[in-house]
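First the structure, in the form of structure tokens, and then the observations on it.
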Amino acid sequence: MAKKPMNKMIVLPLFLAVVTLTAAGVLTGVHLLTAPFVERNQLNKQYEGYKRILEIDSFDTVKEHTLSAELSGAGVTLKQSFMIGDQEIGTVYDANITGFSSDLIFQVGFKGDVYAGFNLISSKESPGFGADYLVNVDGWIKGVPATQEVLVDSAANAGITVTSSALKNVLSLIAGDYNGGRA
């Protein structure tokens with residue numbers, strides 16, 4: 001007796017299910033293989049940022065500070081002081097905030113009484129708008145007294161007020177914490 005062909009209404013969904021499961025398996029495998037490399041690259045960027053902001057080639061020890069609830073709530077993820085021998089070189093804050101887009105990850109550092117610099121780790125901000133603005137932040141704040149307001153409203157942030165306002169507010173909180181911690 002001849003074999004009866006399978007109904008097309010059954011074959012097509014089964015085929016699509018197999019393709020979907022295969023694609024999901026491949027994507028999961030690729031993610032599992034690349035995740036450690038992505039994480040390591042982000043950590044390398046972070047440590048290189050500390051050295052670049054503080055203008056040092058290396059450091060001996062790092063002292064991690066406890067964050068206030070206000071800083072944590074604003075997106076600050078880490079506060080560290082860097083030491084060479086017994087001398088504190090500077091303090092760097094790490095933050096992950098939402099500007100126009102989420103995951104605006106950066107570092108801002110202080111040496112003595114001034115901003116030491118700004119390092120953008122990653123951003124999903126729009127090219128030509130927020131992304132271009134963020135590239136200039138380091139030059140705008142480096143060397144400015146830590147007690148002075150930075151990123152004041154100007155023509156430079158026209159059209160990107162969501163990003164510039166979010167960054168300005170967090171930098172103000174960070175500077176307040178830094179100045180209060182040294183008083």
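By convention here, the chains of the structure tokens are called A, B, ... in the order presented, each chain's residues are numbered starting at 1, and ligands are numbered starting at 1 in the order presented.
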Please identify which residues in range 66-142 of chain A DSSP calls helix (DSSP H, G or I) from the backbone, and express them as JSON, numbers by chain.
{"A": [69, 70, 71, 72, 73, 74, 130, 131, 132, 133, 134, 135, 136, 137, 138, 139, 140, 141]}
Which residues of range 7-99 of chain A come within 9 Å of range 112-134 of chain A, and what is each one's closest atom pair and distance in Å (one decimal), counting only C-alpha atoms, sorted by chain and residue number, as CSV?
residue,atom,partner,partner_atom,distance
A:Gln42,CA,A:Ile121,CA,7.6
A:Lys45,CA,A:Ile121,CA,6.7
A:Gln46,CA,A:Ile121,CA,6.9
A:Gly49,CA,A:Asn119,CA,5.9
A:Tyr50,CA,A:Asn119,CA,8.3
A:Arg52,CA,A:Asn119,CA,8.2
A:Ile53,CA,A:Gly117,CA,5.0
A:Leu54,CA,A:Ala116,CA,6.1
A:Glu55,CA,A:Ala116,CA,8.4
A:Ile89,CA,A:Gly112,CA,8.2
A:Gly90,CA,A:Gly112,CA,7.0
A:Thr91,CA,A:Ala116,CA,8.9
A:Val92,CA,A:Ala116,CA,8.8
A:Gly99,CA,A:Glu125,CA,7.6
Pull the strand (DSSP E or B) assignments for range 1-179 of chain A out of DSSP run on the backbone, and list those residues as a ChimeraX atom specification.
/A:61-64,76-84,87-97,104-111,114-122,145
Between CA of Glu39 in chain A and CA of Ala23 in chain A, what is the spacing in Å?
23.6 Å
Find the residues near range 64-73 of chain A: any atom within 12 Å, counting only C-alpha atoms, skip ones fewer than 6 places away on the same chain, and give them as a list of chain:residue names.
A:Lys79, A:Gln80, A:Ser81, A:Phe82, A:Met83, A:Thr91, A:Val92, A:Tyr93, A:Asp94, A:Ala95, A:Asn96, A:Ile97, A:Thr98, A:Asn169, A:Val170, A:Leu171, A:Ser172, A:Leu173, A:Ile174, A:Ala175, A:Gly176, A:Asp177, A:Tyr178, A:Gly180, A:Gly181
What separates CA of Ala24 in chain A and CA of Leu104 in chain A is a distance of 28.6 Å
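We find CA of Lys111 in chain A and CA of Ile84 in chain A to be spaced 13.3 Å apart.
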